[in-house]
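Structure file model27.cif (mmCIF, C-alpha atoms) is printed below.
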```cif
data_structure
loop_
_atom_site.label_atom_id
_atom_site.label_comp_id
_atom_site.auth_asym_id
_atom_site.auth_seq_id
_atom_site.Cartn_x
_atom_site.Cartn_y
_atom_site.Cartn_z
CA MET C 1 78.73 99.27 93.95
CA THR C 2 76.01 99.79 96.55
CA ALA C 3 76.77 98.58 100.07
CA ALA C 4 74.29 96.80 102.32
CA ILE C 5 73.62 99.42 104.99
CA THR C 6 72.17 98.64 108.41
CA ASP C 7 70.71 100.94 111.08
CA HIS C 8 71.97 101.01 114.67
CA THR C 9 71.47 103.04 117.84
CA VAL C 10 73.75 103.59 120.82
CA VAL C 11 72.35 104.98 124.07
CA TYR C 12 74.64 106.98 126.35
CA ALA C 13 74.75 109.75 128.97
CA GLY C 14 72.96 107.59 131.51
CA GLY C 15 70.22 106.73 129.04
CA ASP C 16 69.30 110.35 128.29
CA LYS C 17 70.73 110.48 124.77
CA LYS C 18 71.03 108.28 121.72
CA ILE C 19 72.98 108.34 118.48
CA HIS C 20 71.57 106.69 115.38
CA TYR C 21 74.14 105.48 112.90
CA LEU C 22 74.48 103.69 109.60
CA ALA C 23 76.96 100.84 109.23
CA ALA C 24 78.23 98.86 106.27
CA GLY C 25 81.06 96.52 105.36
CA PRO C 26 82.55 93.52 107.18
CA VAL C 27 82.07 93.73 110.95
CA LYS C 28 85.73 92.84 111.50
CA GLY C 29 87.07 95.19 108.81
CA PRO C 30 89.26 98.18 109.70
CA LEU C 31 86.98 100.84 111.14
CA ILE C 32 86.41 104.24 109.51
CA LEU C 33 84.01 106.72 111.14
CA PHE C 34 82.53 109.39 108.86
CA ILE C 35 81.35 112.44 110.83
CA HIS C 36 79.13 114.94 109.00
CA GLY C 37 78.92 118.68 109.55
CA TRP C 38 76.27 121.38 109.36
CA PRO C 39 73.81 120.72 107.92
CA GLY C 40 74.07 117.01 107.36
CA THR C 41 73.10 113.51 108.37
CA ALA C 42 74.72 110.12 107.97
CA ILE C 43 73.29 109.54 104.49
CA THR C 44 75.26 112.47 103.03
CA TRP C 45 78.32 110.15 103.18
CA LYS C 46 76.60 107.63 100.88
CA SER C 47 79.34 107.75 98.23
CA GLN C 48 82.00 107.06 100.83
CA ILE C 49 79.96 104.36 102.57
CA ASP C 50 79.56 102.44 99.31
CA ALA C 51 83.17 102.86 98.21
CA PHE C 52 84.96 101.93 101.41
CA ALA C 53 82.56 99.21 102.54
CA GLY C 54 83.12 97.68 99.11
CA LEU C 55 86.86 97.62 99.77
CA GLY C 56 86.37 95.70 103.00
CA PHE C 57 86.39 98.44 105.62
CA ARG C 58 83.82 98.62 108.40
CA ILE C 59 82.08 101.93 107.87
CA VAL C 60 80.10 103.81 110.51
CA ALA C 61 78.36 107.13 109.82
CA PRO C 62 76.25 108.67 112.59
CA ASP C 63 73.50 111.21 112.56
CA MET C 64 75.34 113.64 114.77
CA PRO C 65 73.57 114.86 117.93
CA GLY C 66 70.95 117.38 116.87
CA PHE C 67 70.35 115.77 113.48
CA GLY C 68 68.23 113.04 111.93
CA LYS C 69 67.24 110.17 114.19
CA SER C 70 69.70 111.02 116.97
CA THR C 71 68.69 112.93 120.09
CA ALA C 72 67.90 116.48 118.98
CA ARG C 73 66.73 118.34 122.07
CA ARG C 74 66.51 122.12 122.16
CA VAL C 75 69.08 122.13 124.93
CA ALA C 76 72.11 124.21 123.98
CA ASP C 77 74.43 122.37 126.38
CA ASP C 78 73.96 119.17 124.34
CA TYR C 79 76.11 120.67 121.58
CA THR C 80 79.33 121.75 123.27
CA GLN C 81 82.41 119.99 121.98
CA GLU C 82 82.71 118.22 125.32
CA ALA C 83 79.17 116.82 125.05
CA LEU C 84 79.72 115.81 121.42
CA VAL C 85 82.97 114.01 122.23
CA GLU C 86 81.11 112.02 124.89
CA GLY C 87 78.76 110.84 122.17
CA MET C 88 81.61 109.96 119.83
CA MET C 89 83.33 107.85 122.46
CA ALA C 90 80.06 106.01 123.06
CA LEU C 91 79.80 105.42 119.30
CA LEU C 92 83.32 103.97 119.19
CA ALA C 93 82.65 101.74 122.19
CA ASP C 94 79.42 100.47 120.62
CA ASN C 95 81.53 99.14 117.77
CA ASN C 96 83.86 97.32 120.17
CA ARG C 97 86.99 99.08 118.96
CA PRO C 98 89.66 100.96 120.91
CA ALA C 99 90.47 103.26 117.96
CA ALA C 100 89.46 104.13 114.39
CA ILE C 101 90.23 106.28 111.39
CA TRP C 102 88.12 109.41 111.93
CA VAL C 103 86.93 111.41 108.91
CA GLY C 104 85.17 114.73 109.52
CA HIS C 105 83.72 117.52 107.40
CA ASP C 106 82.74 121.04 108.47
CA TRP C 107 81.58 120.90 112.14
CA GLY C 108 82.21 117.17 111.91
CA ALA C 109 85.88 118.07 111.43
CA GLY C 110 85.63 120.21 114.55
CA VAL C 111 84.36 117.18 116.45
CA THR C 112 86.97 114.79 115.05
CA SER C 113 89.60 117.36 116.00
CA SER C 114 88.24 117.48 119.54
CA VAL C 115 88.31 113.68 119.74
CA ALA C 116 91.94 113.69 118.56
CA THR C 117 92.80 116.42 121.07
CA GLN C 118 91.12 114.79 124.06
CA HIS C 119 91.49 111.10 123.21
CA PRO C 120 94.47 110.66 120.87
CA GLU C 121 94.62 106.98 121.81
CA ALA C 122 91.24 106.54 120.07
CA VAL C 123 92.46 108.00 116.78
CA THR C 124 94.42 105.74 114.44
CA ALA C 125 94.44 108.59 111.94
CA LEU C 126 92.61 111.88 111.46
CA VAL C 127 91.14 113.02 108.16
CA ASN C 128 89.52 116.45 107.94
CA LEU C 129 87.80 118.06 104.97
CA ALA C 130 87.43 121.86 104.65
CA VAL C 131 88.07 122.62 108.35
CA PRO C 132 91.65 122.06 109.56
CA PHE C 133 92.67 120.57 112.88
CA HIS C 134 93.45 123.05 115.68
CA THR C 135 90.97 125.74 114.51
CA ILE C 136 87.21 125.74 115.00
CA GLU C 137 87.25 123.35 117.96
CA ARG C 138 89.33 125.91 119.89
CA GLY C 139 86.76 128.72 119.81
CA TRP C 140 87.03 132.15 118.21
CA ASP C 141 90.75 132.42 118.91
CA GLY C 142 91.32 129.25 116.92
CA PHE C 143 90.28 130.80 113.61
CA LEU C 144 89.35 134.51 113.79
CA PRO C 145 92.99 135.75 113.95
CA LEU C 146 93.64 133.89 110.69
CA VAL C 147 91.18 135.95 108.61
CA ASP C 148 92.72 137.52 105.50
CA ARG C 149 92.62 141.18 106.50
CA ASP C 150 93.53 142.36 103.02
CA LEU C 151 90.26 140.85 101.87
CA TYR C 152 88.29 141.62 105.04
CA PRO C 153 89.60 144.85 106.64
CA ALA C 154 88.91 144.74 110.38
CA ASP C 155 87.22 148.16 110.42
CA LYS C 156 84.60 146.96 107.92
CA TYR C 157 84.47 143.20 108.52
CA GLU C 158 85.35 142.56 112.15
CA PHE C 159 84.55 138.87 111.90
CA GLY C 160 85.60 138.42 108.28
CA GLN C 161 83.83 135.61 106.46
CA TRP C 162 82.76 134.27 109.89
CA ASP C 163 80.24 137.10 110.43
CA TYR C 164 77.40 134.59 110.16
CA MET C 165 78.70 132.87 113.30
CA LYS C 166 78.37 136.09 115.25
CA HIS C 167 74.83 136.37 113.89
CA TYR C 168 74.02 133.11 115.67
CA GLU C 169 75.30 134.48 118.96
CA GLU C 170 73.30 137.69 118.62
CA ASN C 171 70.12 136.50 116.87
CA PHE C 172 69.95 132.74 117.22
CA GLU C 173 66.18 132.30 117.11
CA LYS C 174 65.87 134.59 114.08
CA ALA C 175 68.65 132.75 112.24
CA VAL C 176 67.10 129.35 112.88
CA ALA C 177 63.58 130.47 111.96
CA TRP C 178 64.86 131.64 108.58
CA TYR C 179 66.32 128.20 107.75
CA ASP C 180 63.20 126.44 108.99
CA SER C 181 60.95 128.57 106.79
CA ASP C 182 62.12 126.49 103.81
CA ILE C 183 64.47 123.67 104.79
CA ALA C 184 64.63 122.10 101.35
CA GLY C 185 65.11 125.45 99.67
CA PHE C 186 68.01 126.46 101.90
CA CYS C 187 69.77 123.11 101.73
CA LYS C 188 69.50 122.95 97.97
CA ALA C 189 70.82 126.50 97.59
CA ALA C 190 73.70 125.80 99.97
CA MET C 191 74.71 122.55 98.25
CA GLN C 192 75.22 123.78 94.70
CA ARG C 193 77.98 122.58 92.39
CA HIS C 194 80.91 124.83 91.48
CA PRO C 195 81.69 124.84 87.74
CA GLY C 196 85.07 126.49 88.23
CA PRO C 197 87.16 128.88 90.33
CA PRO C 198 85.15 131.72 91.89
CA PRO C 199 85.69 135.17 90.35
CA SER C 200 86.54 136.55 93.80
CA ARG C 201 87.71 135.05 97.10
CA PHE C 202 85.36 137.38 99.01
CA ALA C 203 82.60 135.39 100.76
CA SER C 204 79.81 137.91 100.34
CA ILE C 205 77.15 135.40 101.41
CA THR C 206 78.55 135.13 104.97
CA ALA C 207 80.66 138.25 105.57
CA THR C 208 77.72 140.70 105.74
CA VAL C 209 75.02 138.62 107.41
CA ARG C 210 74.58 140.91 110.44
CA LYS C 211 74.62 144.06 108.33
CA ASP C 212 72.06 142.57 105.94
CA GLY C 213 69.87 141.25 108.73
CA GLY C 214 70.27 137.65 107.62
CA TRP C 215 71.63 135.32 104.98
CA MET C 216 71.63 135.98 101.22
CA GLY C 217 71.31 139.73 101.52
CA GLY C 218 68.57 139.53 104.13
CA ILE C 219 65.92 138.03 101.86
CA PRO C 220 62.78 137.04 103.83
CA LYS C 221 63.17 133.29 103.22
CA PRO C 222 65.51 130.90 101.40
CA PRO C 223 65.22 130.51 97.62
CA ASP C 224 62.54 128.14 96.45
CA VAL C 225 63.80 124.71 95.35
CA ASN C 226 62.63 125.47 91.81
CA VAL C 227 64.99 128.41 91.27
CA THR C 228 68.32 126.71 92.07
CA GLY C 229 70.25 124.09 90.16
CA PRO C 230 70.78 120.43 91.06
CA PRO C 231 72.44 119.88 94.46
CA VAL C 232 75.72 118.02 94.90
CA LEU C 233 73.89 114.99 96.31
CA PRO C 234 72.13 112.41 94.09
CA PRO C 235 68.34 112.97 94.08
CA GLU C 236 67.46 110.00 96.28
CA VAL C 237 70.18 110.89 98.82
CA PHE C 238 69.15 114.54 98.87
CA ASP C 239 65.50 113.62 99.44
CA SER C 240 66.49 111.33 102.36
CA PHE C 241 68.67 114.08 103.82
CA ILE C 242 65.85 116.63 103.61
CA ALA C 243 63.46 114.22 105.31
CA ASP C 244 66.02 113.88 108.11
CA MET C 245 66.37 117.65 108.45
CA LYS C 246 62.63 118.14 108.62
CA LYS C 247 62.48 115.79 111.62
CA THR C 248 64.61 118.12 113.74
CA GLY C 249 64.60 121.51 112.08
CA PHE C 250 67.72 123.65 112.35
CA TRP C 251 67.63 124.62 116.03
CA PRO C 252 69.57 121.67 117.52
CA GLY C 253 72.31 121.44 114.89
CA SER C 254 72.80 125.20 114.76
CA ALA C 255 73.47 125.25 118.51
CA TYR C 256 76.97 123.90 117.68
CA TYR C 257 77.79 127.56 116.97
CA LEU C 258 76.92 128.81 120.45
CA HIS C 259 79.87 127.50 122.46
CA HIS C 260 83.09 129.09 121.24
CA LYS C 261 84.19 130.12 124.74
CA ARG C 262 83.42 126.77 126.35
CA ASN C 263 85.01 124.89 123.48
CA ALA C 264 88.18 126.95 123.84
CA GLU C 265 88.36 126.17 127.55
CA TYR C 266 87.74 122.46 126.95
CA ASN C 267 90.27 121.95 124.17
CA GLY C 268 92.77 124.33 125.72
CA LYS C 269 93.34 121.79 128.50
CA ALA C 270 94.69 118.99 126.29
CA PRO C 271 97.69 117.31 127.98
CA SER C 272 99.65 117.27 124.71
CA GLY C 273 98.87 120.87 123.88
CA GLY C 274 96.85 119.60 120.95
CA LYS C 275 99.86 118.19 119.08
CA LEU C 276 99.29 115.07 116.98
CA THR C 277 101.85 112.43 116.09
CA GLN C 278 99.55 110.02 114.27
CA PRO C 279 98.95 110.36 110.50
CA VAL C 280 96.72 113.29 109.50
CA LEU C 281 95.18 113.97 106.09
CA PHE C 282 93.70 117.35 105.26
CA ILE C 283 91.62 117.75 102.09
CA HIS C 284 91.42 121.35 100.86
CA ALA C 285 88.29 122.38 98.97
CA ALA C 286 89.80 124.79 96.44
CA TYR C 287 86.61 126.75 95.77
CA ASP C 288 85.46 127.04 99.41
CA LEU C 289 85.33 130.76 100.19
CA ILE C 290 84.24 130.45 103.82
CA CYS C 291 86.63 127.76 105.00
CA ASP C 292 89.32 129.24 102.76
CA THR C 293 92.44 127.19 103.35
CA LYS C 294 94.13 127.99 100.04
CA THR C 295 94.68 131.75 100.21
CA SER C 296 94.25 132.46 103.92
CA ARG C 297 96.28 131.33 106.94
CA LEU C 298 93.56 128.97 108.21
CA ALA C 299 95.69 125.84 107.77
CA GLU C 300 98.77 127.23 109.56
CA PRO C 301 97.98 126.01 113.11
CA MET C 302 97.44 122.48 111.79
CA ARG C 303 100.81 122.54 110.07
CA ARG C 304 102.51 123.58 113.29
CA VAL C 305 101.08 120.83 115.49
CA CYS C 306 100.77 117.79 113.18
CA SER C 307 104.05 115.94 112.68
CA ARG C 308 102.74 113.48 110.03
CA LEU C 309 100.58 115.69 107.84
CA THR C 310 99.47 115.00 104.26
CA GLU C 311 97.58 117.66 102.30
CA VAL C 312 95.51 117.20 99.14
CA THR C 313 93.51 119.74 97.14
CA VAL C 314 90.26 118.92 95.38
CA GLU C 315 88.86 121.45 92.91
CA ALA C 316 85.41 121.68 94.45
CA GLY C 317 83.37 123.79 96.81
CA HIS C 318 82.71 123.22 100.50
CA TRP C 319 80.97 119.87 99.96
CA ALA C 320 83.94 118.27 98.20
CA GLN C 321 83.06 114.73 99.28
CA CYS C 322 79.69 115.10 97.56
CA GLU C 323 80.74 117.21 94.59
CA LYS C 324 83.87 115.20 93.74
CA PRO C 325 83.43 111.89 95.59
CA GLY C 326 85.81 110.00 93.32
CA GLU C 327 88.69 112.39 93.98
CA VAL C 328 88.04 112.51 97.73
CA ASN C 329 87.78 108.72 97.92
CA ALA C 330 91.00 108.35 95.91
CA ALA C 331 92.82 110.74 98.26
CA LEU C 332 91.67 108.84 101.33
CA THR C 333 92.53 105.47 99.76
CA ARG C 334 96.07 106.55 98.87
CA PHE C 335 96.55 108.03 102.34
CA ILE C 336 95.58 104.75 104.02
CA ILE C 337 97.80 102.69 101.70
CA GLU C 338 100.82 104.95 102.21
CA GLU C 339 100.46 105.95 105.86
CA LEU C 340 98.43 103.09 107.37
CA PRO C 341 99.26 99.89 105.47
CA ASP C 342 98.33 97.74 108.47
CA GLN C 343 94.81 99.21 108.28
CA TRP C 344 94.20 97.88 104.76
CA PRO C 345 91.53 95.12 104.72
CA GLY C 346 93.08 91.67 104.93
CA PHE C 347 96.57 92.87 105.85
CA TRP C 348 96.52 91.49 109.40
CA GLU C 349 95.52 88.04 108.16
CA SER C 350 97.98 87.46 105.36
CA GLY C 351 100.04 90.59 104.82
CA TYR C 352 101.45 91.23 101.37
CA THR C 353 104.23 89.22 99.81
CA LYS C 354 106.33 90.96 97.18
CA LYS C 355 109.11 89.56 95.06
CA LYS C 356 111.50 91.32 92.77
CA ALA C 357 113.85 89.27 90.62
CA LEU C 358 116.28 89.95 87.85
CA MET C 359 115.02 88.37 84.62
#
```
Full structure transcribed into C-alpha cells:
Amino acid sequence: MTAAITDHTVVYAGGDKKIHYLAAGPVKGPLILFIHGWPGTAITWKSQIDAFAGLGFRIVAPDMPGFGKSTARRVADDYTQEALVEGMMALLADNNRPAAIWVGHDWGAGVTSSVATQHPEAVTALVNLAVPFHTIERGWDGFLPLVDRDLYPADKYEFGQWDYMKHYEENFEKAVAWYDSDIAGFCKAAMQRHPGPPPSRFASITATVRKDGGWMGGIPKPPDVNVTGPPVLPPEVFDSFIADMKKTGFWPGSAYYLHHKRNAEYNGKAPSGGKLTQPVLFIHAAYDLICDTKTSRLAEPMRRVCSRLTEVTVEAGHWAQCEKPGEVNAALTRFIIEELPDQWPGFWESGYTKKKALM
C-alpha cells in the first residue's frame, strides 16, 4: 500500500532555519516521528511511511538539518546535538502534539536519544536502530570505551572501528570532498545488501581510514555506480535520495561528527542522569560491523539506564529498515501493541472489547 504523502516546512530559530518534512496518515492518528541518519533524507523511510500510515498512524519524517530541503548551511554549530534538538522540538510543536513515538537510525538515533535525555516528557516511547541510547549522543566517552579490544588492540587501533570519526576531526574538508566527488557512487556502495553473516567482525572499511588516507583503502574517489550491486533502497527511492544529497553535498550532514565534546557536555547535564522509564525498543542489525551491538559492549549503557527495554535482532546490515523493512516494521508493530496499546489507532475512541466464554 502506498500512502498519500504531503510536504511541509517548519521555520524555527527566530526564522533563521527551516525543516522540511514528509507527512502521511490521518492527522489525528497516533504520531510516529522517523528520524534518519547519515547519509539520509526523509524519503529513505518510505517503507515505514507507507506501512504505518496505512495502519492509521500519523507519520512524520523530516529531512534532518543539513540534508535535503532543510536548512543546510556550512555552519558547524548548526549540527551540535543541542541545535538539532531545538529543531526536533519545533517539528513536534508544528504537529500540535506534546509527545510522540520517536524512531531513529544512525545519527538519527543519536538525536532521538538526545531528545529523550533532554525532553523525556516529549517521548512516548523511544525506538533506535543500530545505535543504542546513551552512546553516541554523549560524545567519545559514550562509545569509545566499549570498543572490542580483542578485535581492535589499542596500540594498533586507538579508535577501533570509529577511526573514521577521528578522520573527520583531523581532515574534515578532505573527507567531505571525497564523498562529494561521486555522491551517487558512494551512497550506492555504502547501501549494499548483506547476503549473510560477515566472515569477520573486523570493520576494515572504517578502522584504518586515517592510516589509509581515506575511505576504502584510500582510493581517490568512491566506486562508480556501475561497479556495485543494487542498493537496499528501491530504484525510485534511491534516485530521489541521491537528488536530495546532491542539493546539499556532504559538508552539512557530516558536521554532525564534529561535536563530541560539546555533545558530551550537553547531554551530561540531564536532570535524570539520562535514565529512561518509558518503553524503549532497540533493533540490532546483526551484520553491522561498525555499530556492532551483537559482539561488543556497545549496548551495555542502554541496558543499565532503560527500565522498560525491548531488544530485537534483524539479520541485516546497518540499513536494516531498508534491507529488511518487513521485519523492522513487524518488530515496531509488536512493540507498540505490547508496550503502548493506548497508542494503537482507534483505541482512544472505542477501545477493544474482548470476551472469553466456556463453550
Next item on the list: May I ask for the distance between CA of Asp63 in chain C and CA of Pro252 in chain C, given in Å to one decimal place?
Entry: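 Between these atoms lies a distance of 12.2 Å.
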Notebook entry, point to check: What lies within 6 Å of range 76-84 of chain C using all atoms listed in the file, ignoring chain neighbours under 3 positions off, as number ranges by chain?
Noted result: C: 87, 255-256, 259, 263
Can you write out the residues you just picked, keeping C-alpha atoms, as a CSV table (one decimal), keeping the file's coordinate frame?
```
chain,number,residue,atom,x,y,z
C,87,GLY,CA,78.8,110.8,122.2
C,255,ALA,CA,73.5,125.2,118.5
C,256,TYR,CA,77.0,123.9,117.7
C,259,HIS,CA,79.9,127.5,122.5
C,263,ASN,CA,85.0,124.9,123.5
```
Item checked: Ref. answer, residues at most 12 Å from (70.2, 127.4, 111.7) with only C-alpha atoms, as number ranges by chain -> C: 38-40, 66-67, 164-165, 167-169, 171-183, 186-187, 214-215, 222, 245, 248-258
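Every protein or nucleic acid residue with an atom no more than 9 Å from Ala316 in chain C, counting only C-alpha atoms and leaving out same-chain residues fewer than 3 positions away, appears here: Arg193, His194, Pro195, Gly196, Pro197, His284, Ala285, Ala286, Tyr287, Asp288, Thr313, Trp319, Ala320, Gln321, Glu323 and Lys324 of chain C.
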Check: Expressed in Å to a single decimal, how great is the separation between CA of Gly14 in chain C and CA of Thr112 in chain C?
Finding: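 Those two atoms sit 22.8 Å apart.
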Next item on the list: Output the residue selection produced by the PyMOL selection byres ((chain C and resi 46) around 10) on the file above, formatted as a VMD selection string.
Entry: chain C and resid 2 to 3 5 22 42 to 45 47 to 51 61 233 to 234 237 321 to 322 325
Checklist line | Selected residue of minimal separation from Val147 in chain C among C:Phe202, C:Trp107, C:Phe34, C:Phe52, counting all atoms listed in the file | finding: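 Selected residue with least distance to Val147 in chain C: C:Phe202.
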